[in-house]
file coords-v4.pdb (PDB, C-alpha atoms)
ATOM      1  CA  MET A   1       0.000   0.000   0.000
ATOM      2  CA  LYS A   2       2.824   2.419   0.839
ATOM      3  CA  LEU A   3       4.152   2.383  -2.725
ATOM      4  CA  THR A   4       0.763   2.384  -4.460
ATOM      5  CA  PRO A   5       0.460   6.196  -4.717
ATOM      6  CA  ALA A   6       3.945   6.479  -6.209
ATOM      7  CA  THR A   7       3.188   3.602  -8.569
ATOM      8  CA  TYR A   8       0.071   5.330  -9.894
ATOM      9  CA  ALA A   9       1.948   8.615 -10.260
ATOM     10  CA  VAL A  10       4.765   7.022 -12.257
ATOM     11  CA  THR A  11       2.267   5.033 -14.327
ATOM     12  CA  GLY A  12       0.415   8.172 -15.320
ATOM     13  CA  LEU A  13       3.592  10.030 -16.247
ATOM     14  CA  LEU A  14       4.880   7.104 -18.325
ATOM     15  CA  PHE A  15       1.717   7.150 -20.418
ATOM     16  CA  LEU A  16       2.349  10.818 -21.110
ATOM     17  CA  VAL A  17       5.971  10.121 -22.025
ATOM     18  CA  TYR A  18       4.796   7.436 -24.472
ATOM     19  CA  PRO A  19       3.045   9.684 -27.033
ATOM     20  CA  ALA A  20       5.199  12.712 -26.257
ATOM     21  CA  VAL A  21       8.459  10.904 -27.053
ATOM     22  CA  ARG A  22       7.196   8.507 -29.731
ATOM     23  CA  PRO A  23       7.545   9.951 -33.259
ATOM     24  CA  SER A  24       4.212  10.954 -34.776
ATOM     25  CA  GLY A  25       4.926   9.134 -38.039
ATOM     26  CA  ASP A  26       5.038   5.433 -38.884
ATOM     27  CA  ASP A  27       7.651   5.500 -41.640
ATOM     28  CA  ALA A  28      11.002   3.705 -41.513
ATOM     29  CA  ALA A  29      12.851   6.762 -40.217
ATOM     30  CA  ALA A  30      10.434   7.136 -37.301
ATOM     31  CA  ILE A  31      10.294   3.452 -36.407
ATOM     32  CA  SER A  32      14.086   3.045 -36.534
ATOM     33  CA  SER A  33      14.633   5.919 -34.100
ATOM     34  CA  THR A  34      15.645   5.690 -30.456
ATOM     35  CA  ALA A  35      12.579   7.778 -29.613
ATOM     36  CA  TRP A  36      10.365   5.011 -31.007
ATOM     37  CA  VAL A  37      11.972   2.443 -28.709
ATOM     38  CA  LEU A  38      11.925   4.672 -25.631
ATOM     39  CA  GLY A  39       8.336   5.803 -26.152
ATOM     40  CA  HIS A  40       6.967   2.280 -26.447
ATOM     41  CA  LEU A  41       9.177   1.090 -23.593
ATOM     42  CA  ALA A  42       7.598   3.733 -21.358
ATOM     43  CA  ALA A  43       4.162   2.342 -22.195
ATOM     44  CA  MET A  44       5.219  -1.242 -21.498
ATOM     45  CA  ILE A  45       6.610  -0.323 -18.088
ATOM     46  CA  GLY A  46       3.411   1.615 -17.469
ATOM     47  CA  PHE A  47       1.251  -1.447 -18.150
ATOM     48  CA  VAL A  48       3.234  -3.490 -15.612
ATOM     49  CA  LEU A  49       3.049  -0.745 -12.991
ATOM     50  CA  LEU A  50      -0.694  -0.380 -13.563
ATOM     51  CA  GLY A  51      -1.160  -4.010 -12.567
ATOM     52  CA  LEU A  52       0.925  -3.510  -9.432
ATOM     53  CA  ALA A  53      -1.013  -0.364  -8.559
ATOM     54  CA  ALA A  54      -4.363  -2.124  -8.978
ATOM     55  CA  LEU A  55      -3.141  -4.824  -6.607
ATOM     56  CA  GLY A  56      -2.170  -2.101  -4.143
ATOM     57  CA  VAL A  57      -5.703  -0.710  -4.253
ATOM     58  CA  HIS A  58      -7.042  -4.158  -3.395
ATOM     59  CA  GLN A  59      -4.653  -4.389  -0.445
ATOM     60  CA  LEU A  60      -6.193  -1.154   0.824
ATOM     61  CA  LEU A  61      -9.864  -1.835   0.108
ATOM     62  CA  LYS A  62      -9.832  -5.622   0.607
ATOM     63  CA  ASP A  63     -13.081  -6.168  -1.282
ATOM     64  CA  PRO A  64     -13.963  -8.658  -4.051
ATOM     65  CA  LEU A  65     -14.418  -5.973  -6.716
ATOM     66  CA  SER A  66     -10.940  -4.508  -6.277
ATOM     67  CA  LEU A  67      -9.477  -8.027  -6.392
ATOM     68  CA  SER A  68     -11.333  -8.739  -9.629
ATOM     69  CA  ALA A  69     -10.117  -5.408 -10.992
ATOM     70  CA  ALA A  70      -6.506  -6.352 -10.255
ATOM     71  CA  VAL A  71      -6.907  -9.758 -11.916
ATOM     72  CA  VAL A  72      -8.545  -8.273 -15.019
ATOM     73  CA  THR A  73      -5.830  -5.608 -15.212
ATOM     74  CA  TRP A  74      -3.057  -8.199 -15.037
ATOM     75  CA  ILE A  75      -4.671 -10.350 -17.730
ATOM     76  CA  GLY A  76      -5.084  -7.278 -19.917
ATOM     77  CA  ALA A  77      -1.445  -6.314 -19.463
ATOM     78  CA  GLY A  78      -0.341  -9.858 -20.248
ATOM     79  CA  LEU A  79      -2.271  -9.882 -23.525
ATOM     80  CA  THR A  80      -1.136  -6.385 -24.509
ATOM     81  CA  LEU A  81       2.593  -6.592 -23.818
ATOM     82  CA  PRO A  82       3.560  -9.120 -26.550
ATOM     83  CA  TYR A  83       2.149  -6.817 -29.242
ATOM     84  CA  TYR A  84       3.882  -3.790 -27.768
ATOM     85  CA  GLY A  85       7.157  -5.692 -27.544
ATOM     86  CA  ALA A  86       7.013  -6.664 -31.205
ATOM     87  CA  GLU A  87       5.904  -3.155 -32.183
ATOM     88  CA  ASP A  88       8.806  -1.679 -30.260
ATOM     89  CA  PHE A  89      11.779  -3.958 -30.833
ATOM     90  CA  GLY A  90      10.703  -6.049 -33.822
ATOM     91  CA  LEU A  91       9.581  -3.205 -36.067
ATOM     92  CA  ASN A  92      12.602  -1.169 -35.002
ATOM     93  CA  VAL A  93      14.964  -3.861 -36.333
ATOM     94  CA  ILE A  94      12.988  -4.150 -39.586
ATOM     95  CA  ALA A  95      13.041  -0.382 -40.106
ATOM     96  CA  GLU A  96      16.768  -0.145 -39.422
ATOM     97  CA  ARG A  97      17.435  -2.902 -41.962
ATOM     98  CA  ALA A  98      15.168  -1.271 -44.540
ATOM     99  CA  LEU A  99      17.054   2.008 -44.236
ATOM    100  CA  ARG A 100      20.496   0.420 -44.156
ATOM    101  CA  ASP A 101      19.918  -1.786 -47.204
ATOM    102  CA  GLY A 102      17.734   0.676 -49.086
ATOM    103  CA  THR A 103      14.876  -1.822 -49.237
ATOM    104  CA  PRO A 104      11.682   0.057 -48.299
ATOM    105  CA  GLU A 105       9.609  -2.985 -49.256
ATOM    106  CA  LEU A 106      10.735  -4.573 -45.983
ATOM    107  CA  MET A 107       8.368  -2.200 -44.222
ATOM    108  CA  GLU A 108       5.502  -4.254 -45.619
ATOM    109  CA  LEU A 109       6.357  -6.710 -42.841
ATOM    110  CA  ALA A 110       5.252  -4.089 -40.322
ATOM    111  CA  GLY A 111       1.769  -4.046 -41.789
ATOM    112  CA  GLU A 112       1.641  -7.839 -41.953
ATOM    113  CA  PHE A 113       2.422  -8.020 -38.244
ATOM    114  CA  ARG A 114       0.127  -5.204 -37.161
ATOM    115  CA  TYR A 115      -2.897  -6.578 -38.968
ATOM    116  CA  ASP A 116      -2.316 -10.248 -38.271
ATOM    117  CA  ALA A 117      -5.662 -11.510 -36.998
ATOM    118  CA  LEU A 118      -4.415 -13.260 -33.865
ATOM    119  CA  ALA A 119      -1.940 -10.530 -32.896
ATOM    120  CA  ALA A 120      -4.506  -7.779 -33.400
ATOM    121  CA  ALA A 121      -7.154  -9.739 -31.475
ATOM    122  CA  MET A 122      -4.844 -10.265 -28.491
ATOM    123  CA  PHE A 123      -3.920  -6.599 -28.561
ATOM    124  CA  ALA A 124      -7.517  -5.393 -28.718
ATOM    125  CA  ILE A 125      -8.733  -7.793 -26.037
ATOM    126  CA  GLY A 126      -5.808  -6.871 -23.798
ATOM    127  CA  LEU A 127      -6.438  -3.138 -24.072
ATOM    128  CA  GLY A 128     -10.153  -3.723 -23.603
ATOM    129  CA  LEU A 129      -9.495  -5.633 -20.386
ATOM    130  CA  LEU A 130      -7.181  -2.877 -19.164
ATOM    131  CA  GLY A 131     -10.016  -0.423 -19.663
ATOM    132  CA  ILE A 132     -12.459  -2.703 -17.867
ATOM    133  CA  GLY A 133      -9.992  -3.226 -15.022
ATOM    134  CA  ALA A 134      -9.526   0.524 -14.604
ATOM    135  CA  ILE A 135     -13.299   1.048 -14.564
ATOM    136  CA  MET A 136     -13.727  -1.711 -11.978
ATOM    137  CA  THR A 137     -11.046  -0.092  -9.828
ATOM    138  CA  ALA A 138     -12.827   3.251 -10.125
ATOM    139  CA  VAL A 139     -16.114   1.668  -9.034
ATOM    140  CA  ALA A 140     -14.397  -0.025  -6.082
ATOM    141  CA  VAL A 141     -12.845   3.291  -5.033
ATOM    142  CA  TRP A 142     -16.200   5.065  -5.436
ATOM    143  CA  ARG A 143     -17.930   2.539  -3.187
ATOM    144  CA  SER A 144     -15.158   2.370  -0.600
ATOM    145  CA  GLY A 145     -15.971   5.504   1.355
ATOM    146  CA  THR A 146     -12.306   5.744   2.341
ATOM    147  CA  VAL A 147     -10.783   7.195  -0.851
ATOM    148  CA  SER A 148     -12.068  10.282  -2.682
ATOM    149  CA  ARG A 149     -14.888   9.082  -4.932
ATOM    150  CA  TRP A 150     -13.882  10.835  -8.142
ATOM    151  CA  SER A 151     -10.159  10.181  -7.806
ATOM    152  CA  ALA A 152     -10.071   7.052  -9.987
ATOM    153  CA  VAL A 153     -12.514   8.255 -12.649
ATOM    154  CA  PRO A 154     -10.124  10.194 -14.956
ATOM    155  CA  LEU A 155      -7.708   7.261 -15.097
ATOM    156  CA  ALA A 156     -10.571   4.905 -15.924
ATOM    157  CA  VAL A 157     -11.734   7.219 -18.712
ATOM    158  CA  GLY A 158      -8.189   7.379 -20.062
ATOM    159  CA  PHE A 159      -7.835   3.614 -20.315
ATOM    160  CA  ALA A 160     -11.359   3.222 -21.669
ATOM    161  CA  LEU A 161     -10.267   5.527 -24.510
ATOM    162  CA  PHE A 162      -7.003   3.701 -25.185
ATOM    163  CA  ILE A 163      -8.205   1.962 -28.347
ATOM    164  CA  PRO A 164     -10.160   4.940 -29.783
ATOM    165  CA  GLN A 165      -7.168   7.271 -29.375
ATOM    166  CA  PHE A 166      -5.233   5.235 -31.952
ATOM    167  CA  PHE A 167      -7.684   6.514 -34.570
ATOM    168  CA  ALA A 168      -7.406  10.193 -33.608
ATOM    169  CA  PRO A 169      -7.178  12.401 -36.735
ATOM    170  CA  LEU A 170      -4.444  14.546 -35.163
ATOM    171  CA  TYR A 171      -1.439  13.165 -33.315
ATOM    172  CA  GLY A 172      -1.800  15.951 -30.771
ATOM    173  CA  LEU A 173      -4.962  14.237 -29.551
ATOM    174  CA  ARG A 174      -2.887  11.194 -28.673
ATOM    175  CA  VAL A 175      -0.611  13.397 -26.592
ATOM    176  CA  ALA A 176      -3.709  14.888 -24.948
ATOM    177  CA  HIS A 177      -4.866  11.361 -24.168
ATOM    178  CA  GLY A 178      -1.518  10.710 -22.500
ATOM    179  CA  ALA A 179      -1.973  13.888 -20.487
ATOM    180  CA  LEU A 180      -5.406  12.658 -19.358
ATOM    181  CA  ILE A 181      -3.889   9.422 -18.064
ATOM    182  CA  ALA A 182      -1.099  11.377 -16.368
ATOM    183  CA  ILE A 183      -3.623  13.611 -14.614
ATOM    184  CA  GLY A 184      -5.665  10.572 -13.642
ATOM    185  CA  GLY A 185      -2.645   8.754 -12.253
ATOM    186  CA  LEU A 186      -1.487  11.761 -10.254
ATOM    187  CA  TRP A 187      -4.978  12.472  -8.914
ATOM    188  CA  LEU A 188      -5.465   8.900  -7.733
ATOM    189  CA  ALA A 189      -1.940   8.867  -6.292
ATOM    190  CA  PHE A 190      -2.705  12.006  -4.268
ATOM    191  CA  ALA A 191      -6.017  10.591  -3.019
ATOM    192  CA  LEU A 192      -4.432   7.295  -1.968
ATOM    193  CA  ALA A 193      -1.571   9.102  -0.231
ATOM    194  CA  ARG A 194      -4.067  11.202   1.736
ATOM    195  CA  THR A 195      -5.961   8.074   2.736
ATOM    196  CA  HIS A 196      -2.734   6.390   3.830
ATOM    197  CA  LEU A 197      -1.718   9.386   5.949
ATOM    198  CA  ALA A 198      -5.187   9.642   7.490
ATOM    199  CA  THR A 199      -5.132   5.942   8.354
ATOM    200  CA  ARG A 200      -1.725   6.277   9.996
ATOM    201  CA  ALA A 201      -2.852   9.324  11.965
ATOM    202  CA  GLU A 202      -5.965   7.517  13.150
ATOM    203  CA  ALA A 203      -3.947   4.476  14.184
ATOM    204  CA  GLY A 204      -1.440   6.677  16.005
ATOM    205  CA  GLY A 205      -4.202   8.437  17.901
ATOM    206  CA  LYS A 206      -5.624   5.263  19.379
ATOM    207  CA  VAL A 207      -4.734   4.584  22.992
ATOM    208  CA  THR A 208      -4.864   1.067  24.353
ATOM    209  CA  VAL A 209      -5.807   0.804  28.038
ATOM    210  CA  THR A 210      -4.854  -2.366  29.877
ATOM    211  CA  ALA A 211      -5.704  -3.386  33.438
TER     212      ALA A 211
END

call {"tool": "encode", "arguments": {"input": "coords-v4.pdb", "output": "structure tokens"}}
result
Amino acid sequence: MKLTPATYAVTGLLFLVYPAVRPSGDDAAAISSTAWVLGHLAAMIGFVLLGLAALGVHQLLKDPLSLSAAVVTWIGAGLTLPYYGAEDFGLNVIAERALRDGTPELMELAGEFRYDALAAAMFAIGLGLLGIGAIMTAVAVWRSGTVSRWSAVPLAVGFALFIPQFFAPLYGLRVAHGALIAIGGLWLAFALARTHLATRAEAGGKVTVTA
């Protein structure tokens, strides 16, 4: 529980780093860049931390819904990460080779991977479960009565919009989506930290009388 606020804060910031650092284009020059690797790596670390943070919320609330939210979040992250790993490291190697050898047709492999039925299905289901997990966490927080009700809502909205943001007409909207998740992560981190401090203060104020 002690590290949960920090975990949510870092998670939110990583999902802002992701679109802010990642090149806006999908050509060989963009995909072969260090920024491409670092941007996607930030997202992958963020997915792992999100699962840890959801587990931390369950340790605080100790209710069935928050446990289910943590499980769903972990499954979603597990299904999402293979696609992100291939998108990050696999496509980066292909793009570097295409530029080095002057063979732009190699970039067709990127499309073949991205739109492979099984890979795309795992990716979509994984992101969908991450959104569901975030919503379940928000509902658990809302019902708890111990953490600020609205504190988990922005983060849930951000992850619910994760798939739609890929189709944004302007890349700036993807950066705005990252900012939404960052705000959501920081807000929930602040609310959880306040709850933790209040719990410690309450425990410290109790006096045990023995005879």

call {"tool": "closest_residue", "arguments": {"input": "coords-v4.pdb", "among": "A:Thr195, A:Gln165, A:Thr146, A:Thr34", "to": "A:Asn92", "atoms": "only C-alpha atoms"}}
result
A:Thr34

call {"tool": "residues_around", "arguments": {"input": "coords-v4.pdb", "residues": "A:Thr11", "least_positions_apart": "3", "cutoff": "8 Å", "atoms": "all atoms listed in the file", "output": "list in words"}}
result
Thr7, Tyr8, Leu14, Phe15, Ile45, Gly46, Phe47, Leu49, Leu50, Ala182 and Gly185 of chain A

call {"tool": "residues_around", "arguments": {"input": "coords-v4.pdb", "residues": "A:Leu55", "least_positions_apart": "3", "cutoff": "10 Å", "atoms": "all atoms listed in the file", "output": "count of residues only"}}
result
20

call {"tool": "closest_residue", "arguments": {"input": "coords-v4.pdb", "among": "A:Arg97, A:Leu41, A:Met122, A:Gly102", "to": "A:Leu79", "atoms": "only C-alpha atoms"}}
result
A:Met122

call {"tool": "residues_around", "arguments": {"input": "coords-v4.pdb", "residues": "A:Ile183", "least_positions_apart": "4", "cutoff": "8 Å", "atoms": "only C-alpha atoms", "output": "number ranges by chain"}}
result
A: 12, 154-155, 179, 187

call {"tool": "write_last_selection", "arguments": {"input": "coords-v4.pdb", "atoms": "C-alpha atoms", "output": "tab-separated table (two decimals), in the coordinates of the input"}}
result
chain	number	residue	atom	x	y	z
A	12	GLY	CA	0.42	8.17	-15.32
A	154	PRO	CA	-10.12	10.19	-14.96
A	155	LEU	CA	-7.71	7.26	-15.10
A	179	ALA	CA	-1.97	13.89	-20.49
A	187	TRP	CA	-4.98	12.47	-8.91

call {"tool": "atom_distance", "arguments": {"input": "coords-v4.pdb", "atom1": "atom CA of A:Leu161", "atom2": "atom CA of A:Ala95"}}
result
28.7 Å

call {"tool": "atom_distance", "arguments": {"input": "coords-v4.pdb", "atom1": "atom CA of A:Pro19", "atom2": "atom CA of A:Val175"}}
result
5.2 Å

call {"tool": "build_atoms", "arguments": {"input": "coords-v4.pdb", "residues": "stretch 66-82 of chain A", "atoms": "N, CA and C atoms", "output": "mmCIF file, in the frame of the given file"}}
result
data_model
loop_
_atom_site.group_PDB
_atom_site.id
_atom_site.type_symbol
_atom_site.label_atom_id
_atom_site.label_comp_id
_atom_site.auth_asym_id
_atom_site.auth_seq_id
_atom_site.Cartn_x
_atom_site.Cartn_y
_atom_site.Cartn_z
ATOM 1 N N SER A 66 -12.306 -4.982 -6.034
ATOM 2 C CA SER A 66 -10.940 -4.508 -6.277
ATOM 3 C C SER A 66 -10.005 -5.665 -6.612
ATOM 4 N N LEU A 67 -10.271 -6.846 -6.044
ATOM 5 C CA LEU A 67 -9.477 -8.027 -6.392
ATOM 6 C C LEU A 67 -9.723 -8.414 -7.843
ATOM 7 N N SER A 68 -10.996 -8.427 -8.237
ATOM 8 C CA SER A 68 -11.333 -8.739 -9.629
ATOM 9 C C SER A 68 -10.715 -7.721 -10.577
ATOM 10 N N ALA A 69 -10.711 -6.460 -10.167
ATOM 11 C CA ALA A 69 -10.117 -5.408 -10.992
ATOM 12 C C ALA A 69 -8.631 -5.658 -11.204
ATOM 13 N N ALA A 70 -7.941 -6.071 -10.140
ATOM 14 C CA ALA A 70 -6.506 -6.352 -10.255
ATOM 15 C C ALA A 70 -6.255 -7.533 -11.182
ATOM 16 N N VAL A 71 -7.067 -8.576 -11.060
ATOM 17 C CA VAL A 71 -6.907 -9.758 -11.916
ATOM 18 C C VAL A 71 -7.146 -9.402 -13.377
ATOM 19 N N VAL A 72 -8.227 -8.675 -13.644
ATOM 20 C CA VAL A 72 -8.545 -8.273 -15.019
ATOM 21 C C VAL A 72 -7.436 -7.389 -15.588
ATOM 22 N N THR A 73 -6.913 -6.492 -14.763
ATOM 23 C CA THR A 73 -5.830 -5.608 -15.212
ATOM 24 C C THR A 73 -4.588 -6.404 -15.575
ATOM 25 N N TRP A 74 -4.240 -7.382 -14.756
ATOM 26 C CA TRP A 74 -3.057 -8.199 -15.037
ATOM 27 C C TRP A 74 -3.236 -9.016 -16.309
ATOM 28 N N ILE A 75 -4.421 -9.584 -16.502
ATOM 29 C CA ILE A 75 -4.671 -10.350 -17.730
ATOM 30 C C ILE A 75 -4.574 -9.429 -18.942
ATOM 31 N N GLY A 76 -5.155 -8.241 -18.822
ATOM 32 C CA GLY A 76 -5.084 -7.278 -19.917
ATOM 33 C C GLY A 76 -3.658 -6.898 -20.257
ATOM 34 N N ALA A 77 -2.851 -6.658 -19.225
ATOM 35 C CA ALA A 77 -1.445 -6.314 -19.463
ATOM 36 C C ALA A 77 -0.709 -7.469 -20.124
ATOM 37 N N GLY A 78 -0.996 -8.688 -19.676
ATOM 38 C CA GLY A 78 -0.341 -9.858 -20.248
ATOM 39 C C GLY A 78 -0.657 -10.051 -21.720
ATOM 40 N N LEU A 79 -1.880 -9.746 -22.119
ATOM 41 C CA LEU A 79 -2.271 -9.882 -23.525
ATOM 42 C C LEU A 79 -1.758 -8.723 -24.374
ATOM 43 N N THR A 80 -1.558 -7.582 -23.768
ATOM 44 C CA THR A 80 -1.136 -6.385 -24.509
ATOM 45 C C THR A 80 0.368 -6.337 -24.744
ATOM 46 N N LEU A 81 1.140 -6.762 -23.767
ATOM 47 C CA LEU A 81 2.593 -6.592 -23.818
ATOM 48 C C LEU A 81 3.283 -7.293 -24.993
ATOM 49 N N PRO A 82 2.874 -8.512 -25.400
ATOM 50 C CA PRO A 82 3.560 -9.120 -26.550
ATOM 51 C C PRO A 82 3.473 -8.265 -27.811
#
